[in-house]
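start-v9.txt, holding compact mmCIF, C-alpha atoms and all ligand atoms:
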# COMPACT_ATOMS: atom_id res chain seq x y z
CA MET A 933 -4.37 24.35 0.64
CA SER A 934 -5.57 24.28 -2.95
CA LEU A 935 -7.62 22.00 -5.14
CA ALA A 936 -5.13 21.19 -7.88
CA GLN A 937 -6.78 18.43 -9.92
CA ARG A 938 -10.45 17.67 -10.32
CA LYS A 939 -11.73 14.57 -12.11
CA LYS A 940 -15.12 12.93 -12.09
CA SER A 941 -13.65 10.13 -10.00
CA GLY A 942 -11.70 12.26 -7.52
CA ARG A 943 -9.76 15.31 -6.39
CA TYR A 944 -6.12 16.10 -5.65
CA TYR A 945 -5.36 18.76 -3.03
CA THR A 946 -1.96 20.26 -2.29
CA GLY A 947 -0.85 21.14 1.23
CA LYS A 948 0.24 19.34 4.37
CA SER A 949 -2.17 16.56 5.21
CA GLU A 950 -2.25 17.40 8.88
CA GLU A 951 -3.65 20.82 7.87
CA VAL A 952 -5.67 19.91 4.77
CA LEU A 953 -7.61 17.21 6.62
CA LYS A 954 -8.92 19.91 8.97
CA THR A 955 -10.39 22.04 6.15
CA LYS A 956 -14.00 22.25 4.97
CA PRO A 957 -13.91 19.83 2.00
CA PHE A 958 -12.60 17.14 4.33
CA HIS A 959 -15.05 17.93 7.16
CA LYS A 960 -17.73 16.86 4.73
CA LEU A 961 -15.95 13.55 4.19
CA GLN A 962 -15.70 12.68 7.88
CA GLY A 963 -17.00 9.18 8.62
CA LYS A 964 -17.44 8.48 4.90
CA VAL A 965 -14.02 7.32 3.74
CA ASN A 966 -13.96 3.54 3.25
CA LEU A 967 -10.20 3.22 2.93
CA ILE A 968 -7.20 5.39 3.71
CA PHE A 969 -4.42 3.78 1.74
CA THR A 970 -1.07 5.50 2.00
CA SER A 971 2.67 5.37 2.08
CA PRO A 972 3.82 8.29 4.26
CA PRO A 973 7.36 9.64 4.10
CA PHE A 974 9.60 7.09 5.81
CA PRO A 975 11.80 8.08 8.77
CA LEU A 976 15.05 7.99 6.76
CA ASN A 977 18.43 9.16 7.93
CA ASN A 978 19.37 10.18 4.40
CA LYS A 979 16.80 12.69 3.26
CA LYS A 980 14.97 11.97 0.00
CA SER A 981 14.12 14.86 -2.30
CA TYR A 982 10.76 15.40 -0.58
CA GLY A 983 12.28 15.55 2.92
CA ASN A 984 11.88 13.25 5.90
CA MET A 985 11.71 13.77 9.64
CA ILE A 986 13.60 11.41 11.92
CA GLY A 987 13.48 10.15 15.50
CA LYS A 988 11.04 11.46 18.09
CA GLU A 989 9.95 14.30 15.82
CA TYR A 990 8.80 11.71 13.27
CA GLN A 991 7.11 9.58 15.92
CA ASP A 992 5.13 12.55 17.28
CA TRP A 993 4.12 13.65 13.79
CA PHE A 994 3.08 10.12 12.78
CA THR A 995 1.05 9.66 15.96
CA SER A 996 -0.70 13.00 15.50
CA LEU A 997 -2.23 11.57 12.31
CA ALA A 998 -4.17 8.87 14.20
CA PRO A 999 -7.16 10.98 15.35
CA LEU A 1000 -7.31 12.76 11.98
CA PHE A 1001 -7.42 9.47 10.07
CA ALA A 1002 -9.81 7.85 12.57
CA GLU A 1003 -12.43 10.55 12.13
CA MET A 1004 -12.23 10.36 8.34
CA ILE A 1005 -13.02 6.63 8.04
CA ALA A 1006 -16.46 5.03 8.20
CA ASP A 1007 -17.18 2.79 11.19
CA ASP A 1008 -16.35 -0.26 9.05
CA GLY A 1009 -13.58 1.55 7.14
CA SER A 1010 -9.88 0.71 7.06
CA ILE A 1011 -6.53 2.46 7.20
CA VAL A 1012 -3.60 0.78 5.44
CA ILE A 1013 -0.17 2.34 6.00
CA GLU A 1014 3.00 1.20 4.26
CA LEU A 1015 6.25 1.82 6.09
CA GLY A 1016 9.79 0.57 5.50
CA ASN A 1017 12.42 -0.28 8.06
CA SER A 1018 14.80 2.33 9.35
CA TRP A 1019 18.25 2.03 10.88
CA GLU A 1020 20.04 3.83 13.67
CA SER A 1021 22.28 6.55 12.28
CA SER A 1022 25.89 5.31 11.75
CA ARG A 1023 25.14 2.04 13.58
CA PRO A 1024 24.44 -1.48 12.21
CA VAL A 1025 21.31 -1.55 14.33
CA GLN A 1026 17.73 -1.58 13.13
CA SER A 1027 15.61 1.24 14.54
CA LEU A 1028 12.57 0.53 16.67
CA LEU A 1029 10.98 3.74 15.42
CA PRO A 1030 8.46 2.15 13.01
CA LEU A 1031 7.27 -0.19 15.77
CA LYS A 1032 6.98 2.67 18.26
CA CYS A 1033 5.00 4.59 15.63
CA LEU A 1034 2.56 1.71 15.23
CA LEU A 1035 2.13 1.26 18.99
CA ASP A 1036 1.54 4.99 19.51
CA PHE A 1037 -0.80 5.21 16.50
CA VAL A 1038 -3.14 2.46 17.69
CA SER A 1039 -2.94 3.58 21.34
CA GLN A 1040 -4.23 7.11 20.74
CA GLU A 1041 -7.08 7.74 23.17
CA ASN A 1042 -10.65 7.96 21.83
CA THR A 1043 -9.72 6.82 18.33
CA GLY A 1044 -10.76 3.19 18.85
CA LEU A 1045 -8.02 2.13 16.44
CA ARG A 1046 -6.52 -1.35 16.45
CA LEU A 1047 -4.13 -3.36 14.29
CA ILE A 1048 -6.16 -5.79 12.19
CA GLN A 1049 -3.33 -7.50 10.31
CA GLU A 1050 0.23 -6.88 9.22
CA PHE A 1051 1.35 -7.53 5.63
CA VAL A 1052 4.90 -7.79 4.34
CA CYS A 1053 5.90 -6.69 0.86
CA TYR A 1054 9.12 -8.40 -0.20
CA ASN A 1055 11.06 -6.87 -3.05
CA PRO A 1056 13.87 -9.17 -4.28
CA SER A 1057 15.29 -6.33 -6.44
CA ARG A 1058 15.78 -3.95 -3.53
CA LEU A 1059 19.20 -2.29 -3.76
CA PRO A 1060 21.54 -3.45 -1.00
CA SER A 1061 20.85 -1.34 2.04
CA PRO A 1062 21.93 -0.17 4.57
CA ALA A 1063 24.95 -0.02 2.24
CA ALA A 1064 27.60 0.62 4.91
CA TRP A 1065 26.69 -2.61 6.70
CA VAL A 1066 25.61 -4.75 3.77
CA THR A 1067 28.05 -4.01 0.93
CA VAL A 1068 31.04 -2.36 2.65
CA ASN A 1069 31.31 -4.22 5.95
CA ARG A 1070 29.23 -7.24 4.91
CA ILE A 1071 27.83 -7.73 8.41
CA ARG A 1072 24.10 -7.36 7.73
CA THR A 1073 21.76 -8.78 5.08
CA VAL A 1074 19.82 -6.72 2.53
CA ASP A 1075 16.82 -4.96 4.02
CA SER A 1076 14.32 -6.10 1.42
CA TYR A 1077 10.78 -5.53 2.58
CA THR A 1078 8.28 -2.92 3.62
CA ARG A 1079 5.36 -3.64 5.89
CA LEU A 1080 1.74 -2.60 5.60
CA TRP A 1081 -0.37 -2.19 8.68
CA TRP A 1082 -4.08 -2.68 8.27
CA ILE A 1083 -5.75 -0.69 11.03
CA ALA A 1084 -9.45 -0.13 11.75
CA LYS A 1085 -11.96 1.15 14.31
CA SER A 1086 -13.79 -2.17 14.61
CA ASP A 1087 -12.72 -5.83 14.69
CA PHE A 1088 -14.77 -6.36 11.52
CA PRO A 1089 -13.91 -3.70 8.93
CA LYS A 1090 -15.44 -4.34 5.52
CA ALA A 1091 -13.28 -6.97 3.75
CA ASP A 1092 -13.70 -9.83 1.31
CA ASN A 1093 -10.72 -12.03 0.50
CA SER A 1094 -12.62 -13.75 -2.33
CA ARG A 1095 -12.06 -10.58 -4.39
CA VAL A 1096 -8.27 -10.96 -4.25
CA LEU A 1097 -7.58 -14.60 -5.04
CA ARG A 1098 -4.22 -16.03 -6.11
CA PRO A 1099 -4.09 -18.38 -9.08
CA TYR A 1100 -4.05 -22.02 -7.98
CA SER A 1101 -0.71 -23.83 -7.89
CA LYS A 1102 -0.07 -26.59 -10.47
CA HIS A 1103 -0.48 -29.11 -7.66
CA MET A 1104 -3.87 -27.70 -6.69
CA LYS A 1105 -5.05 -27.67 -10.33
CA ARG A 1106 -4.08 -31.33 -10.63
CA LEU A 1107 -5.91 -32.13 -7.43
CA LEU A 1108 -9.05 -30.38 -8.63
CA SER A 1109 -8.97 -32.27 -11.92
CA THR A 1110 -8.29 -35.72 -10.41
CA GLY A 1111 -10.67 -35.17 -7.49
CA LYS A 1112 -8.36 -37.26 -5.28
CA TYR A 1113 -6.99 -35.95 -2.05
CA ASN A 1114 -4.85 -37.42 0.67
CA GLY A 1115 -6.94 -36.49 3.72
CA GLY A 1116 -6.19 -37.26 7.36
CA LYS A 1117 -4.13 -35.94 10.21
CA ARG A 1118 -1.07 -33.79 9.42
CA PRO A 1119 2.08 -33.53 11.60
CA SER A 1120 0.81 -30.04 12.48
CA GLU A 1121 -2.22 -31.84 14.01
CA HIS A 1122 -4.58 -30.31 11.45
CA ASN A 1123 -7.18 -32.83 10.42
CA ILE A 1124 -7.81 -32.55 6.67
CA GLY A 1125 -11.10 -34.01 5.45
CA GLN A 1126 -11.28 -36.25 2.34
CA LYS A 1127 -13.00 -33.50 0.33
CA SER A 1128 -11.64 -30.42 2.13
CA PHE A 1129 -9.88 -28.91 -0.87
CA LEU A 1130 -11.86 -30.28 -3.78
CA LYS A 1131 -14.15 -27.30 -4.42
CA ASN A 1132 -12.93 -24.96 -7.15
CA CYS A 1133 -13.23 -21.45 -5.74
CA GLY A 1134 -11.48 -19.77 -8.67
CA GLY A 1135 -8.18 -19.38 -6.84
CA SER A 1136 -6.59 -19.76 -3.45
CA ILE A 1137 -6.86 -17.36 -0.53
CA SER A 1138 -4.23 -14.63 -0.50
CA HIS A 1139 -1.42 -14.56 2.02
CA ASN A 1140 -0.21 -11.54 3.98
CA LEU A 1141 3.11 -11.69 2.14
CA PHE A 1142 3.61 -10.07 -1.25
CA GLU A 1143 6.57 -10.96 -3.41
CA LEU A 1144 7.01 -8.30 -6.03
CA GLU A 1145 9.12 -10.26 -8.44
CA ASN A 1146 9.80 -13.82 -9.40
CA ILE A 1147 13.26 -14.82 -8.12
CA ASP A 1148 13.39 -18.14 -9.97
CA PRO A 1149 12.29 -17.60 -13.60
CA ASP A 1150 11.13 -21.22 -13.83
CA ARG A 1151 8.89 -20.94 -10.82
CA ASP A 1152 5.24 -19.95 -11.14
CA VAL A 1153 4.46 -16.60 -9.56
CA ARG A 1154 1.20 -16.80 -7.65
CA LEU A 1155 0.50 -13.20 -6.80
CA PRO A 1156 -3.12 -12.21 -6.35
CA THR A 1157 -4.66 -11.77 -9.77
CA ASN A 1158 -4.57 -8.01 -9.50
CA ALA A 1159 -0.98 -7.63 -8.31
CA PHE A 1160 2.01 -7.73 -10.58
CA SER A 1161 5.72 -7.48 -10.50
CA LEU A 1162 7.39 -4.23 -9.59
CA SER A 1163 10.14 -4.56 -12.16
CA ASN A 1164 7.70 -5.63 -14.87
CA SER A 1165 5.38 -2.70 -14.42
CA ASN A 1166 6.67 0.40 -12.68
CA SER A 1167 9.62 1.15 -14.94
CA ASN A 1168 7.85 0.80 -18.29
CA ASP A 1169 4.29 1.88 -17.55
CA PHE A 1170 2.57 4.85 -19.21
CA TYR A 1171 3.50 7.16 -16.32
CA SER A 1172 7.24 6.37 -16.47
CA LYS A 1173 7.36 6.59 -20.26
CA THR A 1174 5.50 9.93 -20.31
CA CYS A 1175 7.71 11.40 -17.56
CA LYS A 1176 10.73 10.46 -19.66
CA GLU A 1177 9.28 12.01 -22.84
CA ARG A 1178 8.49 15.27 -21.00
CA GLY A 1179 11.78 15.43 -19.10
CA ILE A 1180 10.02 15.05 -15.73
CA ILE A 1181 11.84 13.16 -12.97
CA PRO A 1182 9.48 10.38 -11.83
CA HIS A 1183 8.45 10.33 -8.17
CA PRO A 1184 11.36 8.76 -6.21
CA ALA A 1185 9.20 6.48 -4.02
CA ARG A 1186 6.39 5.17 -6.19
CA MET A 1187 4.30 2.37 -4.84
CA PRO A 1188 3.74 -0.74 -6.99
CA ILE A 1189 0.25 -0.54 -8.49
CA GLY A 1190 -0.45 -4.15 -7.49
CA LEU A 1191 -0.31 -3.21 -3.82
CA ALA A 1192 -2.81 -0.38 -4.18
CA LYS A 1193 -5.15 -2.51 -6.28
CA PHE A 1194 -4.97 -5.41 -3.85
CA PHE A 1195 -6.08 -3.38 -0.83
CA ILE A 1196 -8.67 -1.35 -2.74
CA GLU A 1197 -10.33 -4.51 -4.05
CA PHE A 1198 -9.99 -6.38 -0.78
CA LEU A 1199 -11.36 -3.62 1.45
CA THR A 1200 -13.76 -1.55 -0.67
CA GLU A 1201 -16.57 -1.91 -3.22
CA PRO A 1202 -17.31 0.05 -6.40
CA GLU A 1203 -18.34 3.69 -5.67
CA ASP A 1204 -16.61 3.58 -2.24
CA ILE A 1205 -14.23 6.37 -1.25
CA VAL A 1206 -10.46 5.91 -1.05
CA LEU A 1207 -8.18 8.61 0.41
CA ASP A 1208 -4.40 8.90 0.12
CA PRO A 1209 -3.05 11.72 2.34
CA PHE A 1210 0.53 11.27 1.01
CA ALA A 1211 -0.39 10.69 -2.59
CA GLY A 1212 2.78 11.59 -4.52
CA SER A 1213 2.25 10.49 -8.13
CA ASN A 1214 -1.24 9.32 -7.12
CA ILE A 1215 -0.99 5.63 -7.81
CA THR A 1216 -3.77 5.23 -5.22
CA GLY A 1217 -6.17 7.58 -7.04
CA PHE A 1218 -5.31 6.01 -10.39
CA SER A 1219 -5.90 2.48 -9.05
CA ALA A 1220 -9.15 3.59 -7.41
CA ALA A 1221 -10.37 5.09 -10.70
CA LEU A 1222 -9.45 1.88 -12.56
CA LEU A 1223 -11.56 -0.05 -10.07
CA ASN A 1224 -14.50 2.38 -10.16
CA ARG A 1225 -13.93 3.81 -6.71
CA LYS A 1226 -13.91 7.52 -5.84
CA TRP A 1227 -10.62 8.98 -4.64
CA PHE A 1228 -9.19 11.93 -2.73
CA ALA A 1229 -5.49 12.68 -2.75
CA ILE A 1230 -3.31 15.12 -0.82
CA ASP A 1231 0.38 15.91 -1.14
CA ALA A 1232 2.53 18.68 0.33
CA GLU A 1233 4.50 19.10 -2.90
CA GLU A 1234 2.71 20.97 -5.70
CA LYS A 1235 4.95 19.43 -8.34
CA TYR A 1236 3.39 16.00 -7.85
CA VAL A 1237 0.03 17.19 -9.17
CA GLU A 1238 1.59 17.12 -12.66
CA HIS A 1239 2.50 13.49 -12.03
CA SER A 1240 -1.07 12.66 -11.08
CA LYS A 1241 -2.29 14.43 -14.23
CA ILE A 1242 -0.01 12.19 -16.31
CA ARG A 1243 -1.49 9.11 -14.65
CA PHE A 1244 -4.96 10.26 -15.68
CA GLU A 1245 -3.86 10.62 -19.32
CA ASP A 1246 -3.22 6.85 -19.35
CA PRO A 1247 -5.30 5.33 -22.19
CA VAL A 1248 -6.30 2.38 -19.97
CA LEU A 1249 -8.64 4.75 -18.15
CA LYS A 1250 -10.62 5.33 -21.37
CA GLN A 1251 -12.22 1.92 -20.87
CA VAL A 1252 -13.38 2.89 -17.39
CA LYS A 1253 -16.53 4.84 -16.57
CA LEU A 1254 -15.14 7.94 -14.79
C1 LIG B 1301 6.38 7.68 -0.06
S1 LIG B 1301 5.81 9.05 -0.92
C2 LIG B 1301 4.27 8.51 -1.58
C3 LIG B 1301 4.41 7.96 -2.96
C4 LIG B 1301 3.10 7.54 -3.59
N1 LIG B 1301 2.50 6.41 -2.89
C5 LIG B 1301 3.33 7.16 -5.05
O1 LIG B 1301 3.21 5.95 -5.40
O2 LIG B 1301 3.66 8.02 -5.85
C6 LIG B 1301 5.34 10.16 0.33
C7 LIG B 1301 4.75 11.47 -0.15
O3 LIG B 1301 4.35 12.23 0.99
C8 LIG B 1301 4.50 13.61 0.67
N2 LIG B 1301 4.51 14.35 1.96
C9 LIG B 1301 5.51 14.47 2.87
N3 LIG B 1301 5.08 15.15 3.95
C10 LIG B 1301 3.78 15.44 3.73
C11 LIG B 1301 2.76 16.08 4.49
N4 LIG B 1301 3.01 16.58 5.71
N5 LIG B 1301 1.51 16.18 3.96
C12 LIG B 1301 1.24 15.69 2.71
N6 LIG B 1301 2.17 15.08 1.96
C13 LIG B 1301 3.41 14.94 2.45
C14 LIG B 1301 5.77 13.68 -0.13
O4 LIG B 1301 5.79 14.84 -0.96
C15 LIG B 1301 5.70 12.36 -0.93
O5 LIG B 1301 5.17 12.59 -2.22
If you convert what's in this file into structure tokens, what do you get?
Ligand SMILES: C[S@@+](CC[C@H](N)C(=O)[O-])C[C@H]1O[C@@H](n2cnc3c(N)ncnc32)[C@H](O)[C@@H]1O
Amino acid sequence: MSLAQRKKSGRYYTGKSEEVLKTKPFHKLQGKVNLIFTSPPFPLNNKKSYGNMIGKEYQDWFTSLAPLFAEMIADDGSIVIELGNSWESSRPVQSLLPLKCLLDFVSQENTGLRLIQEFVCYNPSRLPSPAAWVTVNRIRTVDSYTRLWWIAKSDFPKADNSRVLRPYSKHMKRLLSTGKYNGGKRPSEHNIGQKSFLKNCGGSISHNLFELENIDPDRDVRLPTNAFSLSNSNSNDFYSKTCKERGIIPHPARMPIGLAKFFIEFLTEPEDIVLDPFAGSNITGFSAALLNRKWFAIDAEEKYVEHSKIRFEDPVLKQVKL
């Protein structure tokens, strides 16, 4: 384990999380982390450049993280884990592994963990996969989303959805300006009062579905104010441009910044602590710094520290008190 990057806002350690989290610097953090936000390696059949376990080996490894994560978070802290789907090797059958991982993770004795809410992150630009069944045999549809599990030790982890509002729809803006609303009973049996929706709250409440890109260019995108399109940001941001200039291959599985910002704003306050145990290019630490939170990052691969350093050269951080 080594401390590879130190900033005023946070620290990046290299080593395997399951080992690093048991070392002294992390003992001191136990019970103090407000949010673990992470995208662990997925259980893929085709190995990515940073390696992936599969099957029962993956499930056991994933489950072994539950007590480690549980002791790091504060009593009202949260764990948010992003995981994609996986497929049975050489079969057009979706694997139950991610679901088994979730069930095992929240069932670990003495951790007190529970699933608070599931989120889905839909990416319309996802390349057709699993290719053998989608593009060659044409018998399955494109697997186009990842899921994020929000897990906590209490039924009431710190959260405030008024910090992550979506812009109002055109219809809602019109309604607010005319002040007229068609109240009454809906077919769903909901009874809507005459003034139920006439208060301007600055935006509407977020949904647990993220759409990373606008499919219809004429349609308004109503992502939360702090989330933005994958294709509009990730490929031409400072990090990607600098990697290109320096001949560095960008991290192969970067998370959209909007996702990290959404959960950091939703579940933490300024000065809170955010930890990413599978940090890669450190989009989590970068987002935390942008939002005036403290961050800790860990990754098994030393090469990704350079990627995190590039993120912290981004001029946008100059405007932030670090
Ligand atoms: C899906 S990527 C995370 C990408 C990151 N969210 C980003 O936006 O750049 C998973 C990361 O976990 C790292 N990793 C794999 N096994 C690990 C382990 N046992 N401990 C720590 N990091 C590990 C990989 O090197 C990889 O960078």
Where is the centre and how long are the edges: axis-aligned box on ligand LIG 1301 (chain B), 4 Å on each side, Å to one decimal, as AutoDock Vina command-line options:
--center_x 3.8 --center_y 11.3 --center_z -0.1 --size_x 13.1 --size_y 18.6 --size_z 19.6
Tell me, as a PyMOL selection string, which residues lie within 6 Å of Lys964 of chain A, counting only C-alpha atoms; anything in the same chain fewer than 3 positions away does not count.
chain A and resi 961+1005-1006
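For the pair atom CA of Asp1007 of chain A and atom CA of Pro1089 of chain A, the interatomic distance is 7.6 Å.
With only C-alpha atoms and all ligand atoms as the atoms that count, the set of residues no farther than 7 Å from ligand LIG 1301 (chain B) is Gly947, Lys948, Ser949, Glu950, Thr970, Ser971, Pro972, Pro973, Phe974, Tyr982, Gly983, His1183, Ala1185, Arg1186, Met1187, Pro1188, Pro1209, Phe1210, Ala1211, Gly1212, Ser1213, Asn1214, Ile1215, Thr1216, Ile1230, Asp1231, Ala1232, Glu1233 and Tyr1236 of chain A.
With all atoms listed in the file as the basis for measurement, A:Asn966 is the residue among A:Asn966, A:Ser1136, A:Asn1114, A:Gln1251 that approaches Ser1010 of chain A most closely.
Here atom CA of Lys1117 of chain A stands at a distance of 26.6 Å from atom CA of Leu1141 of chain A.
Taking all atoms listed in the file, the non-local environment of Lys1250 of chain A within 12 Å (same-chain residues fewer than 5 positions away omitted) comprises Ala1221, Leu1222, Arg1243, Phe1244 and Glu1245 of chain A.
Across the model, the gap from atom CA of Lys1105 of chain A to atom CA of Ser1120 of chain A is 23.7 Å.
Using all atoms listed in the file, the smallest distance between any of A:Gln1040, A:Asn1093, A:Thr1073, A:Asn1017 and Asn1140 of chain A comes from A:Asn1093.
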For Pro999 of chain A: contacts at 10 Å, all atoms listed in the file, fewer than 6 positions along chain excluded, given as a PDB file with C-alpha atoms, keeping the file's coordinate frame:
ATOM      1  CA  PHE A1037      -0.800   5.210  16.500  1.00  0.00           C
ATOM      2  CA  VAL A1038      -3.140   2.460  17.690  1.00  0.00           C
ATOM      3  CA  GLN A1040      -4.230   7.110  20.740  1.00  0.00           C
ATOM      4  CA  GLU A1041      -7.080   7.740  23.170  1.00  0.00           C
ATOM      5  CA  ASN A1042     -10.650   7.960  21.830  1.00  0.00           C
ATOM      6  CA  THR A1043      -9.720   6.820  18.330  1.00  0.00           C
ATOM      7  CA  GLY A1044     -10.760   3.190  18.850  1.00  0.00           C
ATOM      8  CA  LEU A1045      -8.020   2.130  16.440  1.00  0.00           C
TER       9      LEU A1045
END
Tell me which of A:Asp1246, A:Glu1177, A:Glu1121, A:Asp1092 sits closest to Ser1138 of chain A, counting only C-alpha atoms.
A:Asp1092
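Within 10 Å of the file-frame point (23.7, -7.4, 7.9), and using only C-alpha atoms, the polymer residues found are A:Pro1024, A:Val1025, A:Gln1026, A:Pro1060, A:Ser1061, A:Pro1062, A:Ala1063, A:Ala1064, A:Trp1065, A:Val1066, A:Thr1067, A:Asn1069, A:Arg1070, A:Ile1071, A:Arg1072, A:Thr1073, A:Val1074, A:Asp1075.
Closest approach to Glu989 of chain A among A:Lys956, A:Leu1029, A:Thr1110, A:Val965 is made by A:Leu1029 (distances from all atoms listed in the file).
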Write out as a PDB file with C-alpha atoms, in the frame of the given file the residues lying within 9 Å of Leu1000 of chain A, counting all atoms listed in the file and excluding same-chain residues fewer than 4 positions away.
ATOM      1  CA  GLU A 950      -2.250  17.400   8.880  1.00  0.00           C
ATOM      2  CA  LEU A 953      -7.610  17.210   6.620  1.00  0.00           C
ATOM      3  CA  LYS A 954      -8.920  19.910   8.970  1.00  0.00           C
ATOM      4  CA  SER A 996      -0.700  13.000  15.500  1.00  0.00           C
ATOM      5  CA  MET A1004     -12.230  10.360   8.340  1.00  0.00           C
TER       6      MET A1004
END
Close residues, Val1248 of chain A itself excluded, 12 Å, all atoms listed in the file, min 5 positions apart in chain, as number ranges by chain
A: 1169-1171, 1218-1219, 1221-1223, 1243, 1253-1254
Restricting the calculation to only C-alpha atoms: of A:Arg1118, A:Ala1091, A:Leu1144, A:Leu1130, which residue gets closest to Ser1076 of chain A?
A:Leu1144
Sel. within 12 Å of pt (20.1, 6.8, 16.1), counting all atoms listed in the file, output as an MDAnalysis selection string
chainID A and resid 975:977 986:988 1018:1029
